[in-house]
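Raw upload-v3.csv, CSV, C-alpha atoms:
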```csv
chain,number,residue,atom,x,y,z
A,1,MET,CA,0.0,0.0,0.0
A,2,ASP,CA,1.0,3.6,-0.6
A,3,PHE,CA,-0.3,6.1,2.0
A,4,TYR,CA,-0.5,9.9,1.2
A,5,THR,CA,-0.6,11.7,4.5
A,6,PHE,CA,0.1,14.9,6.5
A,7,PHE,CA,1.2,14.7,10.1
A,8,ARG,CA,-1.4,17.1,11.4
A,9,SER,CA,-4.4,15.8,9.4
A,10,SER,CA,-6.9,14.2,11.8
A,11,ALA,CA,-8.1,11.9,9.0
A,12,SER,CA,-4.6,10.7,8.2
A,13,TYR,CA,-4.0,10.2,12.0
A,14,ARG,CA,-6.9,7.8,12.0
A,15,VAL,CA,-5.4,5.7,9.1
A,16,ARG,CA,-2.0,5.7,10.9
A,17,ILE,CA,-3.6,4.2,14.0
A,18,ALA,CA,-5.5,1.5,11.9
A,19,LEU,CA,-2.3,0.5,10.1
A,20,ASN,CA,-0.4,0.3,13.4
A,21,LEU,CA,-3.1,-1.8,15.0
A,22,LYS,CA,-3.0,-4.2,12.0
A,23,GLY,CA,0.8,-4.2,11.9
A,24,ILE,CA,0.8,-3.0,8.3
A,25,SER,CA,3.7,-1.1,6.8
A,26,ALA,CA,2.7,1.3,4.0
A,27,GLU,CA,4.9,3.4,1.8
A,28,GLU,CA,4.3,7.0,3.1
A,29,HIS,CA,4.1,10.0,0.9
A,30,TYR,CA,4.0,13.4,2.7
A,31,VAL,CA,1.6,16.0,1.3
A,32,HIS,CA,2.1,19.3,3.1
A,33,LEU,CA,-1.3,21.1,3.3
A,34,ARG,CA,0.2,24.6,3.8
A,35,ARG,CA,3.5,24.7,2.0
A,36,GLY,CA,3.3,26.6,-1.4
A,37,GLY,CA,-0.4,27.1,-1.0
A,38,GLY,CA,-1.0,23.4,-0.3
A,39,GLU,CA,0.7,20.5,-2.0
A,40,GLN,CA,-2.7,18.7,-2.1
A,41,LYS,CA,-3.6,21.2,-5.0
A,42,ALA,CA,-0.7,19.9,-7.2
A,43,PRO,CA,-1.9,18.3,-10.5
A,44,GLU,CA,-0.3,15.0,-9.6
A,45,PHE,CA,-2.1,14.7,-6.3
A,46,LEU,CA,-5.4,15.9,-7.8
A,47,GLY,CA,-5.1,12.9,-10.1
A,48,LEU,CA,-5.4,10.7,-7.0
A,49,ASN,CA,-8.0,12.8,-5.2
A,50,PRO,CA,-9.8,15.6,-7.0
A,51,GLN,CA,-11.2,16.8,-3.7
A,52,ALA,CA,-7.6,17.8,-2.7
A,53,LEU,CA,-7.8,16.1,0.6
A,54,VAL,CA,-5.7,13.6,2.5
A,55,PRO,CA,-5.5,10.7,3.3
A,56,VAL,CA,-5.3,8.7,0.1
A,57,VAL,CA,-4.4,5.0,0.1
A,58,THR,CA,-3.5,3.2,-3.1
A,59,ASP,CA,-3.3,-0.6,-3.3
A,60,GLY,CA,-2.4,-1.7,-6.8
A,61,ASP,CA,-4.7,0.0,-9.2
A,62,LEU,CA,-7.2,1.0,-6.4
A,63,ALA,CA,-7.1,4.5,-5.0
A,64,LEU,CA,-9.2,5.1,-1.9
A,65,THR,CA,-10.1,8.4,-0.3
A,66,GLN,CA,-12.1,9.0,2.9
A,67,SER,CA,-10.5,7.7,6.1
A,68,LEU,CA,-13.4,5.5,7.3
A,69,ALA,CA,-13.7,3.8,3.9
A,70,ILE,CA,-9.9,3.2,4.0
A,71,ILE,CA,-10.1,1.8,7.6
A,72,GLU,CA,-12.9,-0.6,6.7
A,73,TYR,CA,-10.9,-1.7,3.6
A,74,ILE,CA,-7.9,-2.3,5.8
A,75,ASP,CA,-10.0,-4.2,8.3
A,76,GLU,CA,-11.6,-6.4,5.6
A,77,THR,CA,-8.4,-7.2,3.8
A,78,HIS,CA,-6.4,-7.8,7.1
A,79,PRO,CA,-9.0,-9.2,9.5
A,80,ALA,CA,-6.9,-9.5,12.6
A,81,PRO,CA,-7.3,-7.8,15.0
A,82,PRO,CA,-10.8,-6.7,14.1
A,83,LEU,CA,-11.6,-3.0,14.2
A,84,LEU,CA,-15.4,-3.6,14.3
A,85,PRO,CA,-17.2,-5.8,16.9
A,86,ALA,CA,-18.7,-9.1,15.7
A,87,GLU,CA,-22.2,-8.5,17.3
A,88,PRO,CA,-24.4,-6.4,15.0
A,89,ARG,CA,-25.7,-4.0,17.7
A,90,LEU,CA,-22.2,-3.2,18.9
A,91,ARG,CA,-20.9,-3.0,15.3
A,92,ALA,CA,-23.5,-0.4,14.5
A,93,LEU,CA,-22.7,1.6,17.7
A,94,ALA,CA,-19.0,1.6,16.8
A,95,ARG,CA,-19.8,2.9,13.3
A,96,SER,CA,-22.2,5.5,14.8
A,97,PHE,CA,-19.7,6.9,17.2
A,98,ALA,CA,-17.1,7.1,14.5
A,99,LEU,CA,-19.5,8.9,12.2
A,100,VAL,CA,-20.4,11.4,14.9
A,101,ILE,CA,-16.8,12.5,14.9
A,102,ALA,CA,-16.0,12.1,11.2
A,103,CYS,CA,-19.2,13.6,9.9
A,104,ASP,CA,-20.5,16.0,12.6
A,105,ILE,CA,-17.5,17.3,14.6
A,106,HIS,CA,-14.5,17.2,12.3
A,107,PRO,CA,-15.9,18.9,9.2
A,108,LEU,CA,-16.7,22.1,11.0
A,109,ASN,CA,-13.1,22.4,12.2
A,110,ASN,CA,-11.2,21.1,9.1
A,111,LEU,CA,-8.2,23.1,8.0
A,112,ARG,CA,-9.9,24.4,4.9
A,113,VAL,CA,-12.8,25.7,6.9
A,114,LEU,CA,-10.5,27.4,9.4
A,115,GLN,CA,-8.5,29.0,6.6
A,116,TYR,CA,-11.7,30.2,4.9
A,117,LEU,CA,-12.9,31.9,8.1
A,118,VAL,CA,-9.7,34.0,8.2
A,119,LYS,CA,-8.7,34.4,4.5
A,120,ALA,CA,-12.1,34.8,2.8
A,121,MET,CA,-14.4,36.0,5.6
A,122,GLY,CA,-12.0,38.3,7.4
A,123,HIS,CA,-12.2,36.8,10.9
A,124,THR,CA,-9.3,37.1,13.3
A,125,ASN,CA,-7.2,34.2,14.5
A,126,ASP,CA,-8.9,34.6,17.9
A,127,GLU,CA,-12.3,34.4,16.3
A,128,ARG,CA,-11.3,31.3,14.4
A,129,ASP,CA,-10.1,29.6,17.5
A,130,THR,CA,-13.3,30.6,19.4
A,131,TRP,CA,-15.2,28.9,16.5
A,132,TYR,CA,-13.1,25.8,16.8
A,133,ARG,CA,-13.4,25.5,20.6
A,134,HIS,CA,-17.2,26.0,20.5
A,135,TRP,CA,-17.9,23.3,18.0
A,136,ALA,CA,-15.3,20.9,19.4
A,137,ALA,CA,-16.6,21.2,22.9
A,138,ALA,CA,-20.3,21.0,21.9
A,139,GLY,CA,-19.7,18.0,19.6
A,140,LEU,CA,-17.6,16.0,22.1
A,141,ALA,CA,-20.0,16.8,25.0
A,142,GLY,CA,-22.8,15.3,22.8
A,143,LEU,CA,-20.7,12.3,22.1
A,144,GLU,CA,-20.0,11.8,25.8
A,145,LYS,CA,-23.8,11.7,26.5
A,146,THR,CA,-24.3,9.3,23.5
A,147,VAL,CA,-21.6,6.9,24.7
A,148,VAL,CA,-22.8,6.9,28.3
A,149,GLY,CA,-26.4,6.5,27.2
A,150,ALA,CA,-25.6,3.5,25.0
A,151,GLY,CA,-24.0,1.7,27.9
A,152,CYS,CA,-21.5,-0.1,25.7
A,153,ALA,CA,-18.3,1.4,26.9
A,154,GLY,CA,-15.7,-0.7,28.6
A,155,ASP,CA,-12.0,0.1,28.4
A,156,PHE,CA,-12.8,1.6,25.0
A,157,LEU,CA,-15.8,3.3,23.5
A,158,VAL,CA,-17.4,-0.1,22.6
A,159,GLY,CA,-16.3,-2.9,24.8
A,160,ASN,CA,-12.7,-3.8,25.8
A,161,SER,CA,-10.9,-3.7,22.5
A,162,PRO,CA,-10.1,-0.7,20.2
A,163,THR,CA,-12.5,-0.2,17.4
A,164,ILE,CA,-13.0,2.3,14.5
A,165,ALA,CA,-14.7,4.5,17.1
A,166,ASP,CA,-11.6,4.9,19.2
A,167,ILE,CA,-9.5,5.4,16.0
A,168,CYS,CA,-11.6,8.4,15.3
A,169,LEU,CA,-11.8,9.6,18.9
A,170,VAL,CA,-8.1,10.0,19.6
A,171,PRO,CA,-7.2,12.4,16.7
A,172,GLN,CA,-10.3,14.5,17.5
A,173,MET,CA,-9.4,14.8,21.2
A,174,TYR,CA,-5.8,15.6,20.2
A,175,ASN,CA,-6.9,18.6,18.2
A,176,ALA,CA,-9.5,19.7,20.8
A,177,LYS,CA,-6.8,19.8,23.4
A,178,ARG,CA,-4.4,21.6,21.0
A,179,PHE,CA,-7.0,24.4,20.7
A,180,ASN,CA,-7.6,24.4,24.5
A,181,SER,CA,-11.3,23.3,24.1
A,182,ASP,CA,-13.3,22.9,27.3
A,183,LEU,CA,-13.6,19.1,27.8
A,184,SER,CA,-14.9,19.2,31.3
A,185,ALA,CA,-18.2,17.7,30.2
A,186,CYS,CA,-16.4,14.6,28.8
A,187,PRO,CA,-15.0,12.5,31.6
A,188,THR,CA,-15.8,9.1,30.0
A,189,ILE,CA,-14.2,9.9,26.7
A,190,LEU,CA,-11.3,11.6,28.3
A,191,ALA,CA,-10.5,8.5,30.2
A,192,ILE,CA,-10.8,6.3,27.1
A,193,ASP,CA,-8.6,8.7,25.2
A,194,ARG,CA,-5.9,8.4,27.8
A,195,ARG,CA,-6.2,4.6,27.7
A,196,CYS,CA,-5.9,4.6,24.0
A,197,ARG,CA,-2.9,6.9,23.9
A,198,ASN,CA,-1.0,4.5,26.2
A,199,LEU,CA,-1.1,1.8,23.6
A,200,GLY,CA,1.8,1.7,21.2
A,201,ALA,CA,-0.3,1.7,18.1
A,202,PHE,CA,-1.9,5.0,19.1
A,203,ALA,CA,1.3,6.5,20.5
A,204,ARG,CA,3.3,5.9,17.3
A,205,ALA,CA,0.6,7.5,15.2
A,206,ALA,CA,0.7,10.8,17.1
A,207,PRO,CA,1.5,13.8,14.9
A,208,GLU,CA,4.7,14.7,16.7
A,209,GLN,CA,6.0,11.2,16.0
A,210,GLN,CA,5.8,11.5,12.2
A,211,PRO,CA,8.7,12.0,9.9
A,212,ASP,CA,7.1,15.1,8.4
A,213,ALA,CA,6.3,16.7,11.8
A,214,GLU,CA,7.4,20.3,12.2
```

This entry written out as structure tokens:
Amino acid sequence: MDFYTFFRSSASYRVRIALNLKGISAEEHYVHLRRGGGEQKAPEFLGLNPQALVPVVTDGDLALTQSLAIIEYIDETHPAPPLLPAEPRLRALARSFALVIACDIHPLNNLRVLQYLVKAMGHTNDERDTWYRHWAAAGLAGLEKTVVGAGCAGDFLVGNSPTIADICLVPQMYNAKRFNSDLSACPTILAIDRRCRNLGAFARAAPEQQPDAE
């Protein structure tokens, strides 16, 4: 596999965790999202992903975008250890928690959204950061209530093994803390985040551990 990534991309971070949990080595290609106006806008990268977003994983003649689709492909082609529970109810909950993060929380705080707030709409950096903190705190507080209400959490969001839900949680928590978001309403997911980050597969995937970190 070839893996097109950027150290600070939350979606790339998810894929790094999944690869580590599976023990898969992929050939990494670093796409700097800021340098020179964004290397993701270069014609050769747009040939892989016309949306100009990372991550991209290629496997032979297959080019995959969207981190959750990539993670499920990795899970299906390398079944052990599984990243989704076997029981249908728990499997659905794991997907649901992952999608809360990937579809509801993350898009509001994606780099291109934050850049647009400043460059196109004229907001200050402080106003941009206030935007980030509001939506991160609100979204994660909602996830906390959802997880507690579902009653399926153990050591991890769903049971006692990491799933796709935890793979999405850790990068989102990393960025929320980087922007000093108020996470006081999130004791359950904070504890699970700490437990995940103590695992080697998660620790090695952290942005500061990547070769392209700066």

Q | Counting only C-alpha atoms, the residue of A:Phe3, A:Trp135, A:Phe202, A:Tyr30 that sits nearest A:Ile70 | A |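 Selected residue with least distance to A:Ile70: A:Phe3.
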
Q. Which one of A:Lys145, A:Arg14, A:His78, A:Arg95 sits closest to A:Gln172 if you count all atoms listed in the file?
A.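 Residue with the minimum atom-to-atom distance to A:Gln172: A:Arg14.
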
Q: Work out how far apart atom CA of A:Asp2 and atom CA of A:Val56 are and give it in Å to one decimal.
A: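 We find that atom CA of A:Asp2 and atom CA of A:Val56 lie 8.1 Å from each other.
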
Q. Using all atoms listed in the file, which of the listed residues (A:Ser181, A:Thr124, A:Gln209, A:Ser12) sits closest to A:Leu33?
A.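 For A:Leu33, the nearest of the candidates is A:Ser12.
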
Tell me, counting all atoms listed in the file, for each residue of stretch 16-58 of chain A within 12 Å of stretch 99-113 of chain A, which pair of atoms is nearest and how far apart they are in Å to one decimal, in rows ordered by chain and increasing number, as JSON lines.
```
{"residue": "A:Leu33", "atom": "CA", "partner": "A:Leu111", "partner_atom": "CA", "distance": 8.6}
{"residue": "A:Arg34", "atom": "CA", "partner": "A:Leu111", "partner_atom": "CA", "distance": 9.5}
{"residue": "A:Gly37", "atom": "CA", "partner": "A:Arg112", "partner_atom": "CA", "distance": 11.5}
{"residue": "A:Gly38", "atom": "CA", "partner": "A:Arg112", "partner_atom": "CA", "distance": 10.4}
{"residue": "A:Gln40", "atom": "CA", "partner": "A:Arg112", "partner_atom": "CA", "distance": 11.5}
{"residue": "A:Gln51", "atom": "CA", "partner": "A:Arg112", "partner_atom": "CA", "distance": 11.6}
{"residue": "A:Ala52", "atom": "CA", "partner": "A:Arg112", "partner_atom": "CA", "distance": 10.3}
{"residue": "A:Leu53", "atom": "CA", "partner": "A:Arg112", "partner_atom": "CA", "distance": 9.6}
{"residue": "A:Val54", "atom": "CA", "partner": "A:Leu111", "partner_atom": "CA", "distance": 11.3}
```

Q: Figure out the distance between atom CA of A:Met1 and atom CA of A:Gly60, please, to one decimal in Å.
A: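 If I compute the distance from atom CA of A:Gly60 to atom CA of A:Met1, I get 7.4 Å.
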
Q.
Please report the interatomic distance between atom CA of A:Thr65 and atom CA of A:Ala94 in Å with one decimal.
A. 20.4 Å

**Q.** Neighbour list for stretch 155-157 of chain A as a PyMOL selection string, cut-off 9 Å, all atoms listed in the file, skip fewer than 2 positions in-chain
**A.** chain A and resi 94+97+147+152-153+159-163+165-166+169+188-189+191-193+195-196

Q: Check the smallest atom-to-atom distance from each of A:Ser184, A:Thr58, A:Gln66, A:Asn49 to A:Ala11 using only C-alpha atoms, then report the winner.
A: A:Gln66

Q) Using all atoms listed in the file, which of the listed residues (A:Ala141, A:Ala206, A:Phe179, A:Ser25) sits closest to A:Arg128? A)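 Between A:Ala141, A:Ala206, A:Phe179, A:Ser25, the residue approaching A:Arg128 most closely is A:Phe179.
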
(Q) Just checking: using all atoms listed in the file, which residue out of A:Ala203, A:Leu90, A:Leu190, A:Leu183 ends up closest to A:Ala136? (A)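 Closest candidate: A:Leu183.
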
Could you tell me, as a compact mmCIF listing (two decimals) with C-alpha atoms, keeping the file's coordinate frame, which residues have any atom at most 10 Å from (-14.2, -7.1, 14.7), counting all atoms listed in the file?
```
# COMPACT_ATOMS: atom_id res chain seq x y z
CA ASP A 75 -10.00 -4.20 8.30
CA GLU A 76 -11.60 -6.40 5.60
CA PRO A 79 -9.00 -9.20 9.50
CA ALA A 80 -6.90 -9.50 12.60
CA PRO A 81 -7.30 -7.80 15.00
CA PRO A 82 -10.80 -6.70 14.10
CA LEU A 83 -11.60 -3.00 14.20
CA LEU A 84 -15.40 -3.60 14.30
CA PRO A 85 -17.20 -5.80 16.90
CA ALA A 86 -18.70 -9.10 15.70
CA GLU A 87 -22.20 -8.50 17.30
CA LEU A 90 -22.20 -3.20 18.90
CA ARG A 91 -20.90 -3.00 15.30
CA SER A 161 -10.90 -3.70 22.50
CA PRO A 162 -10.10 -0.70 20.20
CA THR A 163 -12.50 -0.20 17.40
CA ILE A 164 -13.00 2.30 14.50
```

Regenerate stretch 122-152 of chain A at the level of N, CA and C atoms and dump it as a PDB file, in the coordinates of the input.
```pdb
ATOM      1  N   GLY A 122     -12.572  37.156   6.667  1.00  0.00           N
ATOM      2  CA  GLY A 122     -12.000  38.300   7.400  1.00  0.00           C
ATOM      3  C   GLY A 122     -12.010  38.138   8.920  1.00  0.00           C
ATOM      4  N   HIS A 123     -12.228  36.927   9.436  1.00  0.00           N
ATOM      5  CA  HIS A 123     -12.200  36.800  10.900  1.00  0.00           C
ATOM      6  C   HIS A 123     -10.763  36.754  11.390  1.00  0.00           C
ATOM      7  N   THR A 124     -10.594  37.159  12.638  1.00  0.00           N
ATOM      8  CA  THR A 124      -9.300  37.100  13.300  1.00  0.00           C
ATOM      9  C   THR A 124      -8.930  35.703  13.663  1.00  0.00           C
ATOM     10  N   ASN A 125      -7.656  35.488  13.969  1.00  0.00           N
ATOM     11  CA  ASN A 125      -7.200  34.200  14.500  1.00  0.00           C
ATOM     12  C   ASN A 125      -7.941  33.832  15.774  1.00  0.00           C
ATOM     13  N   ASP A 126      -8.155  34.835  16.627  1.00  0.00           N
ATOM     14  CA  ASP A 126      -8.900  34.600  17.900  1.00  0.00           C
ATOM     15  C   ASP A 126     -10.301  34.161  17.635  1.00  0.00           C
ATOM     16  N   GLU A 127     -10.946  34.810  16.675  1.00  0.00           N
ATOM     17  CA  GLU A 127     -12.300  34.400  16.300  1.00  0.00           C
ATOM     18  C   GLU A 127     -12.358  33.017  15.740  1.00  0.00           C
ATOM     19  N   ARG A 128     -11.392  32.692  14.917  1.00  0.00           N
ATOM     20  CA  ARG A 128     -11.300  31.300  14.400  1.00  0.00           C
ATOM     21  C   ARG A 128     -11.148  30.309  15.470  1.00  0.00           C
ATOM     22  N   ASP A 129     -10.288  30.598  16.448  1.00  0.00           N
ATOM     23  CA  ASP A 129     -10.100  29.600  17.500  1.00  0.00           C
ATOM     24  C   ASP A 129     -11.306  29.512  18.421  1.00  0.00           C
ATOM     25  N   THR A 130     -12.034  30.618  18.600  1.00  0.00           N
ATOM     26  CA  THR A 130     -13.300  30.600  19.400  1.00  0.00           C
ATOM     27  C   THR A 130     -14.289  29.663  18.640  1.00  0.00           C
ATOM     28  N   TRP A 131     -14.368  29.803  17.319  1.00  0.00           N
ATOM     29  CA  TRP A 131     -15.200  28.900  16.500  1.00  0.00           C
ATOM     30  C   TRP A 131     -14.832  27.454  16.751  1.00  0.00           C
ATOM     31  N   TYR A 132     -13.531  27.166  16.654  1.00  0.00           N
ATOM     32  CA  TYR A 132     -13.100  25.800  16.800  1.00  0.00           C
ATOM     33  C   TYR A 132     -13.477  25.258  18.203  1.00  0.00           C
ATOM     34  N   ARG A 133     -13.158  26.018  19.232  1.00  0.00           N
ATOM     35  CA  ARG A 133     -13.400  25.500  20.600  1.00  0.00           C
ATOM     36  C   ARG A 133     -14.909  25.296  20.824  1.00  0.00           C
ATOM     37  N   HIS A 134     -15.749  26.179  20.287  1.00  0.00           N
ATOM     38  CA  HIS A 134     -17.200  26.000  20.500  1.00  0.00           C
ATOM     39  C   HIS A 134     -17.680  24.693  19.894  1.00  0.00           C
ATOM     40  N   TRP A 135     -17.355  24.439  18.617  1.00  0.00           N
ATOM     41  CA  TRP A 135     -17.900  23.300  18.000  1.00  0.00           C
ATOM     42  C   TRP A 135     -17.240  21.977  18.454  1.00  0.00           C
ATOM     43  N   ALA A 136     -15.958  22.045  18.812  1.00  0.00           N
ATOM     44  CA  ALA A 136     -15.300  20.900  19.400  1.00  0.00           C
ATOM     45  C   ALA A 136     -15.922  20.488  20.715  1.00  0.00           C
ATOM     46  N   ALA A 137     -16.070  21.468  21.595  1.00  0.00           N
ATOM     47  CA  ALA A 137     -16.600  21.200  22.900  1.00  0.00           C
ATOM     48  C   ALA A 137     -18.062  20.721  22.843  1.00  0.00           C
ATOM     49  N   ALA A 138     -18.855  21.367  22.003  1.00  0.00           N
ATOM     50  CA  ALA A 138     -20.300  21.000  21.900  1.00  0.00           C
ATOM     51  C   ALA A 138     -20.388  19.574  21.303  1.00  0.00           C
ATOM     52  N   GLY A 139     -19.627  19.285  20.269  1.00  0.00           N
ATOM     53  CA  GLY A 139     -19.700  18.000  19.600  1.00  0.00           C
ATOM     54  C   GLY A 139     -19.242  16.856  20.542  1.00  0.00           C
ATOM     55  N   LEU A 140     -18.143  17.081  21.237  1.00  0.00           N
ATOM     56  CA  LEU A 140     -17.600  16.000  22.100  1.00  0.00           C
ATOM     57  C   LEU A 140     -18.472  15.843  23.353  1.00  0.00           C
ATOM     58  N   ALA A 141     -19.083  16.922  23.849  1.00  0.00           N
ATOM     59  CA  ALA A 141     -20.000  16.800  25.000  1.00  0.00           C
ATOM     60  C   ALA A 141     -21.222  15.929  24.546  1.00  0.00           C
ATOM     61  N   GLY A 142     -21.680  16.137  23.319  1.00  0.00           N
ATOM     62  CA  GLY A 142     -22.800  15.300  22.800  1.00  0.00           C
ATOM     63  C   GLY A 142     -22.370  13.855  22.653  1.00  0.00           C
ATOM     64  N   LEU A 143     -21.147  13.640  22.183  1.00  0.00           N
ATOM     65  CA  LEU A 143     -20.700  12.300  22.100  1.00  0.00           C
ATOM     66  C   LEU A 143     -20.569  11.607  23.434  1.00  0.00           C
ATOM     67  N   GLU A 144     -20.105  12.331  24.426  1.00  0.00           N
ATOM     68  CA  GLU A 144     -20.000  11.800  25.800  1.00  0.00           C
ATOM     69  C   GLU A 144     -21.396  11.270  26.227  1.00  0.00           C
ATOM     70  N   LYS A 145     -22.435  12.075  26.046  1.00  0.00           N
ATOM     71  CA  LYS A 145     -23.800  11.700  26.500  1.00  0.00           C
ATOM     72  C   LYS A 145     -24.255  10.451  25.656  1.00  0.00           C
ATOM     73  N   THR A 146     -23.918  10.434  24.372  1.00  0.00           N
ATOM     74  CA  THR A 146     -24.300   9.300  23.500  1.00  0.00           C
ATOM     75  C   THR A 146     -23.671   8.012  23.965  1.00  0.00           C
ATOM     76  N   VAL A 147     -22.371   8.089  24.243  1.00  0.00           N
ATOM     77  CA  VAL A 147     -21.600   6.900  24.700  1.00  0.00           C
ATOM     78  C   VAL A 147     -22.150   6.392  26.016  1.00  0.00           C
ATOM     79  N   VAL A 148     -22.319   7.293  26.970  1.00  0.00           N
ATOM     80  CA  VAL A 148     -22.800   6.900  28.300  1.00  0.00           C
ATOM     81  C   VAL A 148     -24.220   6.310  28.174  1.00  0.00           C
ATOM     82  N   GLY A 149     -25.062   6.950  27.369  1.00  0.00           N
ATOM     83  CA  GLY A 149     -26.400   6.500  27.200  1.00  0.00           C
ATOM     84  C   GLY A 149     -26.522   5.111  26.552  1.00  0.00           C
ATOM     85  N   ALA A 150     -25.581   4.815  25.655  1.00  0.00           N
ATOM     86  CA  ALA A 150     -25.600   3.500  25.000  1.00  0.00           C
ATOM     87  C   ALA A 150     -25.197   2.384  25.902  1.00  0.00           C
ATOM     88  N   GLY A 151     -24.427   2.697  26.934  1.00  0.00           N
ATOM     89  CA  GLY A 151     -24.000   1.700  27.900  1.00  0.00           C
ATOM     90  C   GLY A 151     -23.129   0.599  27.395  1.00  0.00           C
ATOM     91  N   CYS A 152     -22.371   0.894  26.355  1.00  0.00           N
ATOM     92  CA  CYS A 152     -21.500  -0.100  25.700  1.00  0.00           C
ATOM     93  C   CYS A 152     -20.041   0.060  26.008  1.00  0.00           C
TER      94      CYS A 152
END
```
